[in-house]
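Note: the block below is start36.cif and it holds mmCIF, C-alpha atoms.
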data_final
loop_
_atom_site.label_atom_id
_atom_site.label_comp_id
_atom_site.auth_asym_id
_atom_site.auth_seq_id
_atom_site.Cartn_x
_atom_site.Cartn_y
_atom_site.Cartn_z
CA MET W 1 25.53 1.42 22.89
CA THR W 2 25.15 1.54 19.11
CA LYS W 3 22.08 -0.26 17.80
CA PRO W 4 22.38 -3.27 15.52
CA VAL W 5 21.80 -2.27 11.88
CA VAL W 6 19.77 -4.24 9.33
CA TYR W 7 20.44 -3.48 5.67
CA HIS W 8 17.29 -4.33 3.73
CA ILE W 9 14.65 -3.43 1.18
CA PRO W 10 11.32 -2.57 2.83
CA VAL W 11 9.22 -5.00 0.78
CA CYS W 12 11.57 -7.97 1.35
CA PRO W 13 9.74 -10.87 3.06
CA PHE W 14 12.92 -11.99 4.79
CA SER W 15 13.30 -8.55 6.33
CA GLN W 16 9.64 -8.50 7.32
CA ARG W 17 10.29 -11.50 9.54
CA LEU W 18 12.58 -9.32 11.63
CA GLU W 19 10.06 -6.48 11.72
CA ILE W 20 7.36 -8.88 12.91
CA LEU W 21 9.63 -10.17 15.65
CA LEU W 22 10.39 -6.64 16.83
CA ALA W 23 6.69 -5.72 16.77
CA LEU W 24 5.74 -8.79 18.77
CA ARG W 25 8.46 -8.06 21.30
CA GLY W 26 7.48 -4.36 21.46
CA GLN W 27 11.00 -3.32 20.52
CA GLN W 28 10.66 -1.75 17.07
CA ASP W 29 13.35 0.80 17.96
CA ALA W 30 15.92 -1.77 19.09
CA VAL W 31 17.28 -2.12 15.55
CA GLU W 32 18.13 0.52 12.93
CA PHE W 33 16.93 -0.37 9.43
CA ARG W 34 18.90 1.06 6.50
CA VAL W 35 17.25 0.85 3.11
CA VAL W 36 19.11 -0.56 0.10
CA ASP W 37 17.99 0.23 -3.46
CA ILE W 38 18.27 -3.09 -5.32
CA THR W 39 17.77 -1.38 -8.69
CA LYS W 40 21.26 0.16 -8.32
CA PRO W 41 24.72 -1.39 -7.85
CA ARG W 42 25.49 -2.18 -4.23
CA ASP W 43 27.42 0.37 -2.21
CA PRO W 44 31.10 -0.74 -2.10
CA GLU W 45 31.13 -0.13 1.65
CA LEU W 46 28.25 -2.59 2.11
CA LEU W 47 29.89 -5.12 -0.21
CA GLU W 48 33.03 -4.90 1.90
CA LYS W 49 31.00 -5.68 5.00
CA THR W 50 29.31 -8.68 3.34
CA ARG W 51 32.48 -9.93 1.61
CA GLY W 52 30.94 -9.41 -1.81
CA THR W 53 27.54 -11.03 -1.35
CA THR W 54 24.39 -9.09 -2.27
CA ALA W 55 21.60 -11.08 -0.58
CA LEU W 56 19.51 -9.15 1.95
CA PRO W 57 18.82 -8.66 4.79
CA VAL W 58 22.20 -8.37 6.48
CA LEU W 59 22.63 -7.53 10.16
CA GLU W 60 25.60 -5.62 11.54
CA THR W 61 25.85 -6.10 15.30
CA SER W 62 26.59 -3.23 17.66
CA GLY W 63 30.15 -4.59 17.71
CA GLY W 64 30.51 -4.45 13.93
CA LYS W 65 30.11 -8.15 13.22
CA ILE W 66 28.08 -9.29 10.21
CA LEU W 67 25.31 -11.89 10.18
CA LYS W 68 23.54 -13.15 7.05
CA GLU W 69 20.48 -15.33 6.32
CA SER W 70 17.15 -14.14 7.66
CA LEU W 71 16.44 -17.19 9.83
CA VAL W 72 19.86 -16.85 11.47
CA ILE W 73 19.26 -13.15 12.09
CA LEU W 74 15.73 -13.84 13.35
CA ARG W 75 16.94 -16.38 15.91
CA TYR W 76 19.84 -14.14 16.92
CA LEU W 77 17.60 -11.17 17.62
CA ASP W 78 15.14 -13.38 19.46
CA GLU W 79 17.98 -14.45 21.77
CA VAL W 80 19.60 -11.04 22.40
CA LEU W 81 16.55 -8.79 22.79
CA ASP W 82 15.37 -8.09 26.31
CA GLY W 83 12.31 -9.98 27.48
CA GLU W 84 10.62 -13.29 26.72
CA PRO W 85 11.81 -14.88 23.46
CA LEU W 86 9.36 -15.69 20.70
CA ARG W 87 10.61 -19.25 20.29
CA ARG W 88 9.12 -21.93 22.50
CA ARG W 89 10.92 -22.43 25.80
CA ASP W 90 10.06 -26.12 26.07
CA PRO W 91 12.71 -28.15 24.16
CA TYR W 92 10.14 -30.48 22.59
CA GLU W 93 7.87 -27.64 21.51
CA HIS W 94 10.86 -25.76 20.08
CA ALA W 95 11.75 -28.88 18.12
CA VAL W 96 8.20 -29.04 16.75
CA GLU W 97 8.24 -25.40 15.63
CA SER W 98 11.67 -25.99 14.09
CA MET W 99 10.26 -28.91 12.08
CA LEU W 100 7.54 -26.65 10.73
CA ILE W 101 10.04 -23.88 9.95
CA ALA W 102 12.12 -26.39 7.99
CA LYS W 103 9.21 -26.67 5.54
CA GLU W 104 9.35 -22.97 4.66
CA GLY W 105 12.22 -23.19 2.14
CA PRO W 106 10.52 -25.53 -0.36
CA PHE W 107 7.23 -23.67 0.13
CA THR W 108 8.80 -20.30 -0.66
CA MET W 109 10.72 -21.67 -3.62
CA ALA W 110 7.57 -23.20 -5.13
CA GLY W 111 5.69 -19.90 -4.90
CA TYR W 112 8.47 -17.85 -6.47
CA ILE W 113 9.06 -20.35 -9.28
CA TYR W 114 5.31 -20.27 -9.95
CA VAL W 115 5.04 -16.48 -10.17
CA MET W 116 8.21 -16.16 -12.31
CA ASN W 117 7.19 -18.90 -14.73
CA GLN W 118 6.71 -17.71 -18.31
CA ASP W 119 5.52 -21.02 -19.84
CA LYS W 120 1.73 -21.39 -19.82
CA ALA W 121 2.10 -25.14 -20.27
CA GLN W 122 3.77 -25.37 -16.82
CA ARG W 123 1.06 -23.53 -14.88
CA ALA W 124 -0.97 -26.59 -13.87
CA ALA W 125 2.09 -28.49 -12.64
CA LEU W 126 3.34 -25.50 -10.64
CA ASN W 127 -0.11 -25.00 -9.13
CA ASP W 128 -0.25 -28.67 -8.13
CA LYS W 129 3.21 -28.44 -6.58
CA LEU W 130 2.21 -25.54 -4.36
CA LEU W 131 -1.08 -27.18 -3.39
CA GLY W 132 0.85 -30.30 -2.39
CA LEU W 133 3.00 -28.22 -0.06
CA TYR W 134 -0.10 -26.60 1.43
CA ARG W 135 -1.52 -30.09 2.06
CA ASP W 136 1.71 -31.02 3.82
CA LEU W 137 1.42 -27.97 6.08
CA ASN W 138 -2.21 -28.85 6.71
CA ASP W 139 -1.25 -32.38 7.75
CA PHE W 140 1.45 -31.06 10.09
CA LEU W 141 -0.91 -28.65 11.83
CA LEU W 142 -3.54 -31.38 12.20
CA ALA W 143 -0.94 -33.63 13.80
CA TYR W 144 0.29 -31.11 16.36
CA ASN W 145 -2.67 -28.79 17.02
CA PRO W 146 -5.76 -30.03 15.17
CA ASP W 147 -8.31 -27.78 16.87
CA GLY W 148 -6.18 -24.68 17.33
CA THR W 149 -5.50 -21.65 15.19
CA PHE W 150 -1.74 -21.25 15.39
CA LEU W 151 0.86 -24.00 15.80
CA PHE W 152 0.61 -23.55 19.57
CA ASP W 153 -1.53 -21.19 21.63
CA ASP W 154 -0.49 -17.93 19.96
CA PHE W 155 1.47 -16.36 17.12
CA GLY W 156 5.03 -17.62 17.48
CA LEU W 157 8.34 -18.14 15.72
CA ALA W 158 6.94 -20.39 12.97
CA GLU W 159 4.24 -17.83 12.23
CA ALA W 160 6.85 -15.06 11.99
CA VAL W 161 8.69 -17.16 9.41
CA PHE W 162 5.70 -18.10 7.23
CA THR W 163 3.51 -14.99 7.35
CA PRO W 164 5.68 -12.85 5.05
CA MET W 165 5.51 -15.61 2.45
CA PHE W 166 1.72 -15.89 2.76
CA LYS W 167 1.55 -12.15 2.09
CA ARG W 168 3.97 -12.27 -0.84
CA PHE W 169 1.83 -14.96 -2.42
CA TRP W 170 -0.75 -12.27 -3.02
CA PHE W 171 1.15 -12.04 -6.29
CA LEU W 172 -0.07 -15.55 -7.14
CA ASP W 173 -3.67 -14.62 -6.36
CA TYR W 174 -3.36 -11.65 -8.71
CA TYR W 175 -1.16 -12.92 -11.56
CA GLU W 176 -2.07 -16.63 -11.56
CA ASP W 177 -5.58 -16.55 -10.05
CA PHE W 178 -4.37 -18.96 -7.37
CA LYS W 179 -6.99 -20.15 -4.90
CA LEU W 180 -6.61 -22.44 -1.92
CA PRO W 181 -9.35 -25.09 -2.14
CA THR W 182 -11.75 -25.80 0.71
CA GLY W 183 -12.06 -29.19 2.35
CA PRO W 184 -10.24 -31.34 4.93
CA ASP W 185 -6.94 -31.26 3.01
CA TYR W 186 -6.73 -27.46 3.27
CA ASP W 187 -9.08 -26.12 5.95
CA ARG W 188 -6.60 -26.29 8.84
CA VAL W 189 -3.79 -24.53 6.95
CA ALA W 190 -6.27 -22.00 5.57
CA LYS W 191 -7.32 -21.16 9.14
CA TRP W 192 -3.67 -20.76 10.14
CA ARG W 193 -2.80 -18.65 7.11
CA ALA W 194 -5.76 -16.31 7.63
CA ALA W 195 -4.95 -15.78 11.31
CA CYS W 196 -1.28 -15.14 10.54
CA MET W 197 -2.07 -12.56 7.87
CA ALA W 198 -4.65 -10.80 10.07
CA HIS W 199 -2.33 -10.45 13.07
CA GLU W 200 -1.68 -6.81 14.00
CA ALA W 201 2.09 -7.35 14.11
CA THR W 202 2.23 -8.26 10.41
CA ASP W 203 0.85 -5.14 8.72
CA GLN W 204 4.16 -3.84 7.33
CA VAL W 205 3.04 -4.46 3.72
CA SER W 206 -0.22 -4.36 1.76
CA GLU W 207 -1.61 -6.44 -1.07
CA GLU W 208 -1.54 -3.44 -3.42
CA GLU W 209 2.13 -2.84 -2.65
CA ILE W 210 3.08 -6.46 -3.28
CA VAL W 211 1.17 -6.69 -6.55
CA LYS W 212 2.68 -3.49 -7.93
CA LEU W 213 6.28 -4.02 -6.85
CA TYR W 214 6.40 -7.68 -7.87
CA TYR W 215 5.10 -7.12 -11.41
CA ASP W 216 8.58 -7.71 -12.82
CA TYR W 217 8.82 -10.99 -10.90
CA ALA W 218 5.63 -12.06 -12.68
CA LEU W 219 7.50 -11.38 -15.94
CA GLY W 220 10.48 -13.50 -14.88
CA ALA W 221 12.78 -10.67 -13.74
CA GLY W 222 13.68 -10.74 -10.06
CA ASN W 223 15.80 -8.71 -7.65
CA GLY W 224 15.60 -5.43 -9.54
CA ALA W 225 16.52 -6.88 -12.94
CA LEU W 226 15.07 -5.15 -15.99
CA VAL W 227 12.43 -6.70 -18.22
CA ASP W 228 13.25 -6.65 -21.94
CA GLY W 229 12.04 -3.42 -23.51
CA ARG W 230 11.82 -1.59 -20.19
CA LYS W 231 14.15 0.97 -18.65
CA VAL W 232 12.81 1.11 -15.10
CA SER W 233 12.33 -1.68 -12.55
CA SER W 234 9.02 -2.07 -10.74
CA PHE W 235 11.12 -2.04 -7.54
CA VAL W 236 12.23 1.59 -7.88
CA PHE W 237 11.43 3.84 -4.93
CA GLU W 238 10.27 6.74 -7.11
CA PRO W 239 7.61 7.17 -8.31
CA SER W 240 6.21 5.58 -5.15
CA TRP W 241 4.03 2.51 -5.56
CA GLN W 242 1.03 4.38 -4.10
CA THR W 243 0.89 6.68 -7.13
CA ARG W 244 1.09 3.92 -9.74
CA PRO W 245 -1.87 2.20 -11.42
CA MET W 246 -2.46 -1.50 -10.84
CA PRO W 247 -0.45 -3.60 -13.33
CA PRO W 248 -2.23 -5.79 -15.89
CA ARG W 249 -3.24 -9.15 -14.42
CA ASP W 250 -2.37 -11.13 -17.56
CA LYS W 251 1.36 -11.72 -17.15
CA TYR W 252 1.44 -13.74 -20.38
CA ALA W 253 0.23 -10.80 -22.48
CA PRO W 254 2.64 -8.25 -23.98
CA THR W 255 4.57 -6.41 -21.27
CA ALA W 256 3.21 -3.09 -20.09
CA SER W 257 5.47 -0.12 -20.73
CA ASP W 258 7.19 1.98 -18.09
CA GLU W 259 4.65 4.73 -18.80
CA GLU W 260 1.66 2.38 -18.48
CA LEU W 261 3.02 1.15 -15.14
CA GLY W 262 3.38 4.69 -13.83
CA LEU W 263 7.15 4.28 -13.50
CA VAL W 264 7.93 7.36 -15.61
CA ALA W 265 5.95 10.35 -16.76
CA ALA W 266 4.60 10.22 -20.29
CA GLY W 267 7.37 11.16 -22.73
CA GLU W 268 10.23 10.51 -20.27
CA GLY W 269 10.90 6.94 -21.40
#
In structure tokens, what does this structure look like?
Amino acid sequence: MTKPVVYHIPVCPFSQRLEILLALRGQQDAVEFRVVDITKPRDPELLEKTRGTTALPVLETSGGKILKESLVILRYLDEVLDGEPLRRRDPYEHAVESMLIAKEGPFTMAGYIYVMNQDKAQRAALNDKLLGLYRDLNDFLLAYNPDGTFLFDDFGLAEAVFTPMFKRFWFLDYYEDFKLPTGPDYDRVAKWRAACMAHEATDQVSEEEIVKLYYDYALGAGNGALVDGRKVSSFVFEPSWQTRPMPPRDKYAPTASDEELGLVAAGEG
């Protein structure tokens, strides 16, 4: 039988959720991943499959049917893969993990708005917004597993959903000097976040990779869009991110050039 196919970009947090699920289930080869270059126009064949939408990841089932939205794809794969599902079997516990997962959308949005912000005057408010969402997660974890590490006894579905966002928020540590405070309002969520990020099934990306590739996000240009005065996106595949220097930390300073970012050889731009 033909494998399901996931169209994705490797650094995408929503795709990483699926990779984490497959790693946890020991079935990394159960799905074929096909890389999409978001710095170029979408392939017409892919657009035909998705009925014109460009959001990734997209899953094509072995029968040729298309599924969109990472949480939908995550739950689908969790149901159809052989073996024990990642989601909680107990209906009440599954409801609890679903309540926590429902908090991911606002959390993710707050982090991306923060990193893409270009107005220094808004930094404090955006920082406070994200800290408020961390406090809410902290309160939830204290209510349902105050002395534990994960939401339940081990890394589960909620952790697979949140961990890619925790790792993407490395860009806030680097470009906004974001720090999670210590104390009772944050200690439980900090423990959870650290354990999620350290789990062996979540090592698909590195901090260096995130910081380099998301430089254009820090300048307000997302999804492969070009920054004014630049000709190459920080999301290009070549030159590879490993060969590039670290971008400047001050996102509010004048934009680094393509050459300074290692995106083109000197004189090519």
Inset, instruction - For a cut-off of 12 Å around (-0.7, -29.1, 15.7), file coordinates, pick out all residues using all atoms listed in the file and list them as a ChimeraX atom specification. - result: /W:93,96-97,99-100,137-154,158,188-189,192
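Those residues that approach Tyr217 (chain W) to within 8 Å, counting all atoms listed in the file, are Val115, Met116 and Gly222 of chain W; same-chain residues fewer than 5 positions away are not listed.
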Legend entry - d(CA of Ala221 (chain W), CA of Thr54 (chain W)) in Å: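 These atoms are spaced 16.4 Å apart.
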Which residues, named as in the file, does the PyMOL selection byres ((chain W and resi 193) around 9) pick out? Answer as a PDB file with C-alpha atoms, keeping the file's coordinate frame.
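Dumped everything to expr.pdb:
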ATOM      1  CA  PHE W 150      -1.740 -21.250  15.390  1.00  0.00           C
ATOM      2  CA  GLU W 159       4.240 -17.830  12.230  1.00  0.00           C
ATOM      3  CA  PHE W 162       5.700 -18.100   7.230  1.00  0.00           C
ATOM      4  CA  THR W 163       3.510 -14.990   7.350  1.00  0.00           C
ATOM      5  CA  PHE W 166       1.720 -15.890   2.760  1.00  0.00           C
ATOM      6  CA  ARG W 188      -6.600 -26.290   8.840  1.00  0.00           C
ATOM      7  CA  VAL W 189      -3.790 -24.530   6.950  1.00  0.00           C
ATOM      8  CA  ALA W 190      -6.270 -22.000   5.570  1.00  0.00           C
ATOM      9  CA  LYS W 191      -7.320 -21.160   9.140  1.00  0.00           C
ATOM     10  CA  TRP W 192      -3.670 -20.760  10.140  1.00  0.00           C
ATOM     11  CA  ALA W 194      -5.760 -16.310   7.630  1.00  0.00           C
ATOM     12  CA  ALA W 195      -4.950 -15.780  11.310  1.00  0.00           C
ATOM     13  CA  CYS W 196      -1.280 -15.140  10.540  1.00  0.00           C
ATOM     14  CA  MET W 197      -2.070 -12.560   7.870  1.00  0.00           C
ATOM     15  CA  ALA W 198      -4.650 -10.800  10.070  1.00  0.00           C
TER      16      ALA W 198
END
Legend entry - Residues matched by the PyMOL selection byres ((chain W and resi 129) around 12), written as an NGL selection string: :W and (106-114 or 122-128 or 130-136)
Inset, instruction - For CA of Lys120 (chain W) and CA of Tyr252 (chain W), determine how far apart the two atoms are, in Å to one decimal place. - result: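 Taking CA of Lys120 (chain W) as the start and CA of Tyr252 (chain W) as the end point, the length is 7.7 Å.
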Inset, instruction - List, as a ChimeraX atom specification, every residue that the PyMOL selection byres ((chain W and resi 227-233) around 9) selects in the file provided. - result: /W:39,213,216,219-221,224-226,234-236,255-258,263-264,269
Once you have the residues from the selection above, write them out as a CSV table (one decimal), in the frame of the given file, restricted to C-alpha atoms.
chain,number,residue,atom,x,y,z
W,39,THR,CA,17.8,-1.4,-8.7
W,213,LEU,CA,6.3,-4.0,-6.8
W,216,ASP,CA,8.6,-7.7,-12.8
W,219,LEU,CA,7.5,-11.4,-15.9
W,220,GLY,CA,10.5,-13.5,-14.9
W,221,ALA,CA,12.8,-10.7,-13.7
W,224,GLY,CA,15.6,-5.4,-9.5
W,225,ALA,CA,16.5,-6.9,-12.9
W,226,LEU,CA,15.1,-5.2,-16.0
W,234,SER,CA,9.0,-2.1,-10.7
W,235,PHE,CA,11.1,-2.0,-7.5
W,236,VAL,CA,12.2,1.6,-7.9
W,255,THR,CA,4.6,-6.4,-21.3
W,256,ALA,CA,3.2,-3.1,-20.1
W,257,SER,CA,5.5,-0.1,-20.7
W,258,ASP,CA,7.2,2.0,-18.1
W,263,LEU,CA,7.2,4.3,-13.5
W,264,VAL,CA,7.9,7.4,-15.6
W,269,GLY,CA,10.9,6.9,-21.4
Inset, instruction - Give me, please, the distance in Å between CA of Asn223 (chain W) and CA of Thr243 (chain W), quoted to one decimal. - result: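 Interatomic distance here is 21.4 Å.
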Legend entry - For Leu71 (chain W), the nearest of the candidates W:Ile20, W:Ile9, W:Ile101, W:Met246, counting all atoms listed in the file: W:Ile101
Inset, instruction - Please identify all polymer residues within 12 Å of Glu19 (chain W), counting all atoms listed in the file, omitting same-chain residues fewer than 4 positions from it, and present them as a PyMOL selection string. - result: chain W and resi 6+8-15+23-33+57+70+73-74+77-78+160-161+163-164+200-205
Inset, instruction - Pick out the closest residue to Asp43 (chain W) from this set: W:Trp241, W:Tyr214, W:Trp170, W:Tyr7. Count only C-alpha atoms. - result: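 Result for the nearest residue to Asp43 (chain W): W:Tyr7.
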Inset, instruction - Would you mind telling me which residue in W:Leu172, W:Ala121, W:Leu59, W:Ala253 lies nearest to Val5 (chain W) when using all atoms listed in the file? - result: W:Leu59
Inset, instruction - Select, from W:Pro44, W:Gly64, W:Leu157, W:Glu209, the residue with the minimum atom-to-atom distance to Ala102 (chain W), counting all atoms listed in the file. - result: W:Leu157
Inset, instruction - Name the closest residue to Glu79 (chain W) among the candidates W:Gly262, W:Tyr215, W:Asp119, W:Leu22; distances are taken between atoms, counting all atoms listed in the file. - result: W:Leu22
Inset, instruction - Select, from W:Asp187, W:Val80, W:Val58, W:Leu18, the residue with the minimum atom-to-atom distance to Val35 (chain W), counting all atoms listed in the file. - result: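 Checking each candidate against Val35 (chain W), we get W:Val58 as the closest.
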